[in-house]
>>> print(open('model_8.cif').read())   # mmCIF, N, CA and C atoms
data_my_file
loop_
_atom_site.group_PDB
_atom_site.id
_atom_site.type_symbol
_atom_site.label_atom_id
_atom_site.label_comp_id
_atom_site.auth_asym_id
_atom_site.auth_seq_id
_atom_site.Cartn_x
_atom_site.Cartn_y
_atom_site.Cartn_z
ATOM 1 N N LEU A 1 -56.070 -91.829 5.628
ATOM 2 C CA LEU A 1 -57.135 -90.910 5.274
ATOM 3 C C LEU A 1 -58.455 -91.456 5.812
ATOM 4 N N PRO A 2 -59.423 -90.601 6.060
ATOM 5 C CA PRO A 2 -60.703 -91.074 6.579
ATOM 6 C C PRO A 2 -61.399 -92.081 5.655
ATOM 7 N N TRP A 3 -61.145 -92.026 4.346
ATOM 8 C CA TRP A 3 -61.815 -92.923 3.409
ATOM 9 C C TRP A 3 -60.972 -94.147 3.072
ATOM 10 N N GLY A 4 -59.832 -94.347 3.738
ATOM 11 C CA GLY A 4 -59.064 -95.560 3.563
ATOM 12 C C GLY A 4 -57.582 -95.322 3.371
ATOM 13 N N LEU A 5 -56.850 -96.400 3.245
ATOM 14 C CA LEU A 5 -55.415 -96.353 3.001
ATOM 15 C C LEU A 5 -55.135 -96.534 1.524
ATOM 16 N N PHE A 6 -54.182 -95.794 1.028
ATOM 17 C CA PHE A 6 -53.768 -95.906 -0.364
ATOM 18 C C PHE A 6 -52.265 -96.062 -0.417
ATOM 19 N N GLU A 7 -51.802 -96.940 -1.295
ATOM 20 C CA GLU A 7 -50.369 -97.053 -1.511
ATOM 21 C C GLU A 7 -49.881 -95.781 -2.175
ATOM 22 N N LEU A 8 -48.636 -95.428 -1.931
ATOM 23 C CA LEU A 8 -48.089 -94.195 -2.481
ATOM 24 C C LEU A 8 -48.139 -94.189 -4.002
ATOM 25 N N ARG A 9 -47.937 -95.348 -4.613
ATOM 26 C CA ARG A 9 -47.947 -95.404 -6.081
ATOM 27 C C ARG A 9 -49.327 -95.100 -6.666
ATOM 28 N N PHE A 10 -50.388 -95.174 -5.860
ATOM 29 C CA PHE A 10 -51.734 -94.841 -6.315
ATOM 30 C C PHE A 10 -51.797 -93.405 -6.834
ATOM 31 N N PHE A 11 -50.989 -92.525 -6.253
ATOM 32 C CA PHE A 11 -51.031 -91.099 -6.577
ATOM 33 C C PHE A 11 -50.168 -90.725 -7.776
ATOM 34 N N PHE A 12 -49.479 -91.682 -8.364
ATOM 35 C CA PHE A 12 -48.591 -91.410 -9.491
ATOM 36 C C PHE A 12 -48.924 -92.345 -10.644
ATOM 37 N N SER A 13 -48.649 -91.883 -11.866
ATOM 38 C CA SER A 13 -48.869 -92.735 -13.031
ATOM 39 C C SER A 13 -47.545 -93.368 -13.444
ATOM 40 N N GLU A 14 -47.642 -94.421 -14.255
ATOM 41 C CA GLU A 14 -46.449 -95.104 -14.744
ATOM 42 C C GLU A 14 -45.671 -94.191 -15.681
ATOM 43 N N GLY A 15 -44.413 -94.485 -15.839
ATOM 44 C CA GLY A 15 -43.587 -93.724 -16.756
ATOM 45 C C GLY A 15 -43.292 -94.516 -18.012
ATOM 46 N N ILE A 16 -43.146 -93.821 -19.113
ATOM 47 C CA ILE A 16 -42.795 -94.408 -20.401
ATOM 48 C C ILE A 16 -41.471 -93.790 -20.829
ATOM 49 N N LYS A 17 -40.541 -94.642 -21.233
ATOM 50 C CA LYS A 17 -39.222 -94.162 -21.621
ATOM 51 C C LYS A 17 -39.225 -93.700 -23.073
ATOM 52 N N MET A 18 -38.657 -92.541 -23.288
ATOM 53 C CA MET A 18 -38.513 -91.995 -24.633
ATOM 54 C C MET A 18 -37.160 -92.428 -25.198
ATOM 55 N N LYS A 19 -36.967 -92.248 -26.497
ATOM 56 C CA LYS A 19 -35.710 -92.622 -27.133
ATOM 57 C C LYS A 19 -34.531 -91.812 -26.599
ATOM 58 N N ASP A 20 -34.777 -90.568 -26.206
ATOM 59 C CA ASP A 20 -33.697 -89.712 -25.715
ATOM 60 C C ASP A 20 -33.385 -89.936 -24.237
ATOM 61 N N GLY A 21 -34.071 -90.914 -23.614
ATOM 62 C CA GLY A 21 -33.784 -91.252 -22.226
ATOM 63 C C GLY A 21 -34.728 -90.636 -21.210
ATOM 64 N N ARG A 22 -35.501 -89.646 -21.621
ATOM 65 C CA ARG A 22 -36.470 -89.044 -20.705
ATOM 66 C C ARG A 22 -37.561 -90.048 -20.375
ATOM 67 N N VAL A 23 -38.187 -89.861 -19.229
ATOM 68 C CA VAL A 23 -39.327 -90.682 -18.836
ATOM 69 C C VAL A 23 -40.518 -89.745 -18.697
ATOM 70 N N ILE A 24 -41.598 -90.071 -19.395
ATOM 71 C CA ILE A 24 -42.795 -89.231 -19.337
ATOM 72 C C ILE A 24 -43.957 -90.050 -18.779
ATOM 73 N N SER A 25 -44.991 -89.360 -18.387
ATOM 74 C CA SER A 25 -46.167 -90.011 -17.820
ATOM 75 C C SER A 25 -46.917 -90.789 -18.897
ATOM 76 N N ASN A 26 -47.489 -91.932 -18.503
ATOM 77 C CA ASN A 26 -48.255 -92.712 -19.476
ATOM 78 C C ASN A 26 -49.555 -92.014 -19.857
ATOM 79 N N THR A 27 -49.984 -91.040 -19.085
ATOM 80 C CA THR A 27 -51.198 -90.293 -19.459
ATOM 81 C C THR A 27 -50.952 -89.478 -20.723
ATOM 82 N N LEU A 28 -49.725 -89.012 -20.922
ATOM 83 C CA LEU A 28 -49.398 -88.303 -22.163
ATOM 84 C C LEU A 28 -49.429 -89.259 -23.347
ATOM 85 N N LEU A 29 -48.931 -90.461 -23.138
ATOM 86 C CA LEU A 29 -48.977 -91.468 -24.192
ATOM 87 C C LEU A 29 -50.416 -91.819 -24.539
ATOM 88 N N LYS A 30 -51.238 -92.000 -23.538
ATOM 89 C CA LYS A 30 -52.651 -92.316 -23.779
ATOM 90 C C LYS A 30 -53.329 -91.200 -24.564
ATOM 91 N N ALA A 31 -53.014 -89.963 -24.230
ATOM 92 C CA ALA A 31 -53.594 -88.820 -24.958
ATOM 93 C C ALA A 31 -53.145 -88.837 -26.420
ATOM 94 N N ASP A 32 -51.880 -89.177 -26.666
ATOM 95 C CA ASP A 32 -51.381 -89.262 -28.038
ATOM 96 C C ASP A 32 -52.067 -90.390 -28.808
ATOM 97 N N ILE A 33 -52.302 -91.517 -28.152
ATOM 98 C CA ILE A 33 -52.986 -92.636 -28.808
ATOM 99 C C ILE A 33 -54.404 -92.236 -29.201
ATOM 100 N N VAL A 34 -55.110 -91.580 -28.300
ATOM 101 C CA VAL A 34 -56.475 -91.120 -28.598
ATOM 102 C C VAL A 34 -56.452 -90.132 -29.756
ATOM 103 N N GLU A 35 -55.497 -89.205 -29.753
ATOM 104 C CA GLU A 35 -55.393 -88.210 -30.827
ATOM 105 C C GLU A 35 -55.132 -88.877 -32.176
ATOM 106 N N ILE A 36 -54.225 -89.858 -32.192
ATOM 107 C CA ILE A 36 -53.907 -90.566 -33.437
ATOM 108 C C ILE A 36 -55.128 -91.307 -33.952
ATOM 109 N N ILE A 37 -55.836 -91.985 -33.081
ATOM 110 C CA ILE A 37 -57.013 -92.759 -33.496
ATOM 111 C C ILE A 37 -58.138 -91.836 -33.947
ATOM 112 N N ASN A 38 -58.287 -90.682 -33.321
ATOM 113 C CA ASN A 38 -59.325 -89.731 -33.744
ATOM 114 C C ASN A 38 -59.046 -89.157 -35.130
ATOM 115 N N LYS A 39 -57.782 -89.105 -35.527
ATOM 116 C CA LYS A 39 -57.408 -88.540 -36.826
ATOM 117 C C LYS A 39 -57.323 -89.585 -37.936
ATOM 118 N N GLU A 40 -57.512 -90.864 -37.599
ATOM 119 C CA GLU A 40 -57.343 -91.911 -38.594
ATOM 120 C C GLU A 40 -58.456 -91.886 -39.646
ATOM 121 N N SER A 41 -58.179 -92.509 -40.761
ATOM 122 C CA SER A 41 -59.136 -92.603 -41.853
ATOM 123 C C SER A 41 -60.283 -93.527 -41.470
ATOM 124 N N ILE A 42 -61.485 -93.180 -41.880
ATOM 125 C CA ILE A 42 -62.654 -94.011 -41.606
ATOM 126 C C ILE A 42 -62.557 -95.326 -42.374
ATOM 127 N N ASN A 43 -62.047 -95.261 -43.592
ATOM 128 C CA ASN A 43 -61.988 -96.452 -44.452
ATOM 129 C C ASN A 43 -60.866 -97.415 -44.092
ATOM 130 N N SER A 44 -59.785 -96.901 -43.504
ATOM 131 C CA SER A 44 -58.667 -97.781 -43.145
ATOM 132 C C SER A 44 -58.110 -97.391 -41.779
ATOM 133 N N PRO A 45 -58.743 -97.875 -40.711
ATOM 134 C CA PRO A 45 -58.252 -97.580 -39.357
ATOM 135 C C PRO A 45 -56.846 -98.135 -39.149
ATOM 136 N N LEU A 46 -56.103 -97.491 -38.281
ATOM 137 C CA LEU A 46 -54.729 -97.892 -38.016
ATOM 138 C C LEU A 46 -54.671 -99.124 -37.118
ATOM 139 N N LYS A 47 -53.790 -100.036 -37.475
ATOM 140 C CA LYS A 47 -53.528 -101.191 -36.626
ATOM 141 C C LYS A 47 -52.559 -100.748 -35.532
ATOM 142 N N ASP A 48 -52.419 -101.565 -34.507
ATOM 143 C CA ASP A 48 -51.520 -101.222 -33.414
ATOM 144 C C ASP A 48 -50.083 -101.058 -33.897
ATOM 145 N N GLU A 49 -49.676 -101.849 -34.882
ATOM 146 C CA GLU A 49 -48.331 -101.721 -35.435
ATOM 147 C C GLU A 49 -48.130 -100.357 -36.093
ATOM 148 N N ASP A 50 -49.175 -99.864 -36.768
ATOM 149 C CA ASP A 50 -49.107 -98.552 -37.410
ATOM 150 C C ASP A 50 -49.004 -97.443 -36.368
ATOM 151 N N ILE A 51 -49.724 -97.597 -35.277
ATOM 152 C CA ILE A 51 -49.674 -96.614 -34.198
ATOM 153 C C ILE A 51 -48.282 -96.589 -33.580
ATOM 154 N N VAL A 52 -47.661 -97.763 -33.443
ATOM 155 C CA VAL A 52 -46.292 -97.841 -32.919
ATOM 156 C C VAL A 52 -45.341 -97.065 -33.824
ATOM 157 N N LYS A 53 -45.499 -97.210 -35.131
ATOM 158 C CA LYS A 53 -44.622 -96.499 -36.075
ATOM 159 C C LYS A 53 -44.781 -94.988 -35.956
ATOM 160 N N ILE A 54 -46.023 -94.528 -35.797
ATOM 161 C CA ILE A 54 -46.272 -93.089 -35.656
ATOM 162 C C ILE A 54 -45.654 -92.582 -34.359
ATOM 163 N N LEU A 55 -45.853 -93.327 -33.279
ATOM 164 C CA LEU A 55 -45.295 -92.917 -31.990
ATOM 165 C C LEU A 55 -43.768 -93.005 -31.989
ATOM 166 N N ASP A 56 -43.218 -93.934 -32.760
ATOM 167 C CA ASP A 56 -41.765 -94.043 -32.881
ATOM 168 C C ASP A 56 -41.193 -92.767 -33.497
ATOM 169 N N LYS A 57 -41.898 -92.218 -34.482
ATOM 170 C CA LYS A 57 -41.461 -90.964 -35.104
ATOM 171 C C LYS A 57 -41.529 -89.799 -34.123
ATOM 172 N N LYS A 58 -42.432 -89.894 -33.135
ATOM 173 C CA LYS A 58 -42.544 -88.853 -32.110
ATOM 174 C C LYS A 58 -41.527 -89.028 -30.988
ATOM 175 N N GLY A 59 -40.772 -90.135 -31.027
ATOM 176 C CA GLY A 59 -39.723 -90.336 -30.039
ATOM 177 C C GLY A 59 -40.037 -91.320 -28.935
ATOM 178 N N TYR A 60 -41.174 -91.981 -29.015
ATOM 179 C CA TYR A 60 -41.525 -92.971 -27.998
ATOM 180 C C TYR A 60 -40.773 -94.271 -28.249
ATOM 181 N N GLN A 61 -40.385 -94.932 -27.177
ATOM 182 C CA GLN A 61 -39.778 -96.260 -27.266
ATOM 183 C C GLN A 61 -40.798 -97.215 -26.644
ATOM 184 N N ILE A 62 -41.613 -97.832 -27.499
ATOM 185 C CA ILE A 62 -42.765 -98.580 -26.991
ATOM 186 C C ILE A 62 -43.055 -99.784 -27.868
ATOM 187 N N ALA A 63 -43.589 -100.827 -27.265
ATOM 188 C CA ALA A 63 -43.915 -102.059 -27.980
ATOM 189 C C ALA A 63 -45.386 -102.077 -28.391
ATOM 190 N N ARG A 64 -45.682 -102.905 -29.382
ATOM 191 C CA ARG A 64 -47.060 -103.013 -29.858
ATOM 192 C C ARG A 64 -47.992 -103.496 -28.758
ATOM 193 N N ARG A 65 -47.532 -104.435 -27.951
ATOM 194 C CA ARG A 65 -48.403 -104.967 -26.895
ATOM 195 C C ARG A 65 -48.750 -103.901 -25.862
ATOM 196 N N THR A 66 -47.876 -102.909 -25.694
ATOM 197 C CA THR A 66 -48.176 -101.807 -24.780
ATOM 198 C C THR A 66 -49.277 -100.938 -25.367
ATOM 199 N N ILE A 67 -49.229 -100.699 -26.657
ATOM 200 C CA ILE A 67 -50.290 -99.941 -27.328
ATOM 201 C C ILE A 67 -51.610 -100.675 -27.176
ATOM 202 N N THR A 68 -51.588 -101.984 -27.357
ATOM 203 C CA THR A 68 -52.799 -102.789 -27.206
ATOM 204 C C THR A 68 -53.348 -102.667 -25.788
ATOM 205 N N LYS A 69 -52.461 -102.725 -24.800
ATOM 206 C CA LYS A 69 -52.876 -102.621 -23.397
ATOM 207 C C LYS A 69 -53.540 -101.269 -23.121
ATOM 208 N N TYR A 70 -52.904 -100.181 -23.562
ATOM 209 C CA TYR A 70 -53.466 -98.854 -23.309
ATOM 210 C C TYR A 70 -54.742 -98.625 -24.101
ATOM 211 N N ARG A 71 -54.817 -99.181 -25.316
ATOM 212 C CA ARG A 71 -56.035 -99.052 -26.109
ATOM 213 C C ARG A 71 -57.190 -99.746 -25.396
ATOM 214 N N ASP A 72 -56.913 -100.908 -24.819
ATOM 215 C CA ASP A 72 -57.940 -101.627 -24.054
ATOM 216 C C ASP A 72 -58.348 -100.848 -22.803
ATOM 217 N N VAL A 73 -57.380 -100.257 -22.110
ATOM 218 C CA VAL A 73 -57.672 -99.460 -20.918
ATOM 219 C C VAL A 73 -58.559 -98.268 -21.274
ATOM 220 N N LEU A 74 -58.323 -97.697 -22.452
ATOM 221 C CA LEU A 74 -59.103 -96.534 -22.913
ATOM 222 C C LEU A 74 -60.433 -96.940 -23.558
ATOM 223 N N ASN A 75 -60.736 -98.230 -23.566
ATOM 224 C CA ASN A 75 -61.967 -98.760 -24.179
ATOM 225 C C ASN A 75 -62.080 -98.408 -25.661
ATOM 226 N N ILE A 76 -60.958 -98.502 -26.354
ATOM 227 C CA ILE A 76 -60.920 -98.273 -27.800
ATOM 228 C C ILE A 76 -60.810 -99.642 -28.453
ATOM 229 N N PRO A 77 -61.763 -100.001 -29.314
ATOM 230 C CA PRO A 77 -61.714 -101.327 -29.951
ATOM 231 C C PRO A 77 -60.565 -101.432 -30.950
ATOM 232 N N ASN A 78 -60.285 -102.655 -31.396
ATOM 233 C CA ASN A 78 -59.216 -102.856 -32.367
ATOM 234 C C ASN A 78 -59.626 -102.298 -33.733
ATOM 235 N N SER A 79 -58.703 -102.321 -34.678
ATOM 236 C CA SER A 79 -58.936 -101.669 -35.977
ATOM 237 C C SER A 79 -60.089 -102.301 -36.752
ATOM 238 N N ILE A 80 -60.263 -103.598 -36.649
ATOM 239 C CA ILE A 80 -61.337 -104.276 -37.389
ATOM 240 C C ILE A 80 -62.703 -103.816 -36.884
ATOM 241 N N ILE A 81 -62.854 -103.761 -35.592
ATOM 242 C CA ILE A 81 -64.129 -103.329 -35.009
ATOM 243 C C ILE A 81 -64.357 -101.837 -35.251
ATOM 244 N N ARG A 82 -63.283 -101.022 -35.158
ATOM 245 C CA ARG A 82 -63.441 -99.580 -35.433
ATOM 246 C C ARG A 82 -63.893 -99.347 -36.869
ATOM 247 N N LYS A 83 -63.398 -100.151 -37.798
ATOM 248 C CA LYS A 83 -63.805 -100.013 -39.199
ATOM 249 C C LYS A 83 -65.290 -100.325 -39.351
ATOM 250 N N LYS A 84 -65.754 -101.374 -38.677
ATOM 251 C CA LYS A 84 -67.172 -101.738 -38.737
ATOM 252 C C LYS A 84 -68.042 -100.657 -38.089
ATOM 253 N N ILE A 85 -67.592 -100.128 -36.965
ATOM 254 C CA ILE A 85 -68.373 -99.105 -36.253
ATOM 255 C C ILE A 85 -68.446 -97.816 -37.069
ATOM 256 N N LYS A 86 -67.304 -97.367 -37.603
ATOM 257 C CA LYS A 86 -67.269 -96.116 -38.358
ATOM 258 C C LYS A 86 -67.937 -96.252 -39.721
ATOM 259 N N GLY A 87 -68.004 -97.490 -40.219
ATOM 260 C CA GLY A 87 -68.620 -97.714 -41.522
ATOM 261 C C GLY A 87 -70.132 -97.731 -41.491
ATOM 262 N N LEU A 88 -70.706 -97.759 -40.309
ATOM 263 C CA LEU A 88 -72.179 -97.798 -40.209
ATOM 264 C C LEU A 88 -72.815 -96.501 -40.620
#
>>> encode(input="model_8.cif", output="structure tokens")
Amino acid sequence: LPWGLFELRFFFSEGIKMKDGRVISNTLLKADIVEIINKESINSPLKDEDIVKILDKKGYQIARRTITKYRDVLNIPNSIIRKKIKGL
């Protein structure tokens, strides 16, 4: 391209495996994480383990460290900092 070379994988997002074997885009997972965090209680924000449990009920097969990674990518602070921010 006139503005440079890009690897083919640049144009695609990573896949996340569901419990039923399907693979979905990680952008859908990120959207679900944002939705869950937006709906959380101001007084008791959800920890990453709690988010994993909610996503497990939705059929995601995902580890806590993956939630932490995507939360960091989305610039969402951890539960302790979110509690301090929302409590102001």
>>> select_by_dssp(input="model_8.cif", residues="chain A", states="strand (DSSP E)", output="short mmCIF file (atom, residue, chain, number, x, y, z; two decimals) with N, CA and C atoms, in the frame of the given file")
data_model
loop_
_atom_site.label_atom_id
_atom_site.label_comp_id
_atom_site.auth_asym_id
_atom_site.auth_seq_id
_atom_site.Cartn_x
_atom_site.Cartn_y
_atom_site.Cartn_z
N GLY A 15 -44.41 -94.48 -15.84
CA GLY A 15 -43.59 -93.72 -16.76
C GLY A 15 -43.29 -94.52 -18.01
N ILE A 16 -43.15 -93.82 -19.11
CA ILE A 16 -42.80 -94.41 -20.40
C ILE A 16 -41.47 -93.79 -20.83
N LYS A 17 -40.54 -94.64 -21.23
CA LYS A 17 -39.22 -94.16 -21.62
C LYS A 17 -39.22 -93.70 -23.07
N VAL A 23 -38.19 -89.86 -19.23
CA VAL A 23 -39.33 -90.68 -18.84
C VAL A 23 -40.52 -89.74 -18.70
N ILE A 24 -41.60 -90.07 -19.40
CA ILE A 24 -42.80 -89.23 -19.34
C ILE A 24 -43.96 -90.05 -18.78
N SER A 25 -44.99 -89.36 -18.39
CA SER A 25 -46.17 -90.01 -17.82
C SER A 25 -46.92 -90.79 -18.90
#
>>> residues_around(input="model_8.cif", residues="stretch 16-19 of chain A", least_positions_apart="3", cutoff="7 Å", atoms="only N, CA and C atoms", output="list in words")
Arg22, Val23, Ile24, Ser25, Asn26, Gly59, Tyr60, Gln61 and Ile62 of chain A
>>> closest_residue(input="model_8.cif", among="A:Lys69, A:Ser13, A:Lys39, A:Lys47", to="A:Thr27", atoms="only N, CA and C atoms")
A:Ser13
>>> select_by_dssp(input="model_8.cif", residues="chain A", states="alpha helix (DSSP H)", output="NGL selection string")
:A and (26-38 or 48-57 or 64-73 or 79-87)
>>> closest_residue(input="model_8.cif", among="A:Ile85, A:Thr66, A:Asp56, A:Leu74", to="A:Ala31", atoms="only C-alpha atoms")
A:Leu74
>>> axis_aligned_box(input="model_8.cif", around="stretch 42-48 of chain A", padding_each_side="4 Å", output="JSON")
{"center_x": -56.4, "center_y": -97.4, "center_z": -38.9, "size_x": 20.6, "size_y": 16.4, "size_z": 19.0}
>>> resolve_selection(input="model_8.cif", expression="the PyMOL selection byres (((chain A and resi 41-44 and name CA) around 10) and name CA)", output="VMD selection string")
chain A and resid 37 to 40 45 to 47 79 to 80 82 to 87
>>> atom_distance(input="model_8.cif", atom1="atom C of A:Glu14", atom2="atom C of A:Ile81")
28.1 Å
>>> atom_distance(input="model_8.cif", atom1="atom CA of A:Ile67", atom2="atom C of A:Asp50")
9.5 Å
>>> atom_distance(input="model_8.cif", atom1="atom CA of A:Leu5", atom2="atom CA of A:Leu29")
28.4 Å
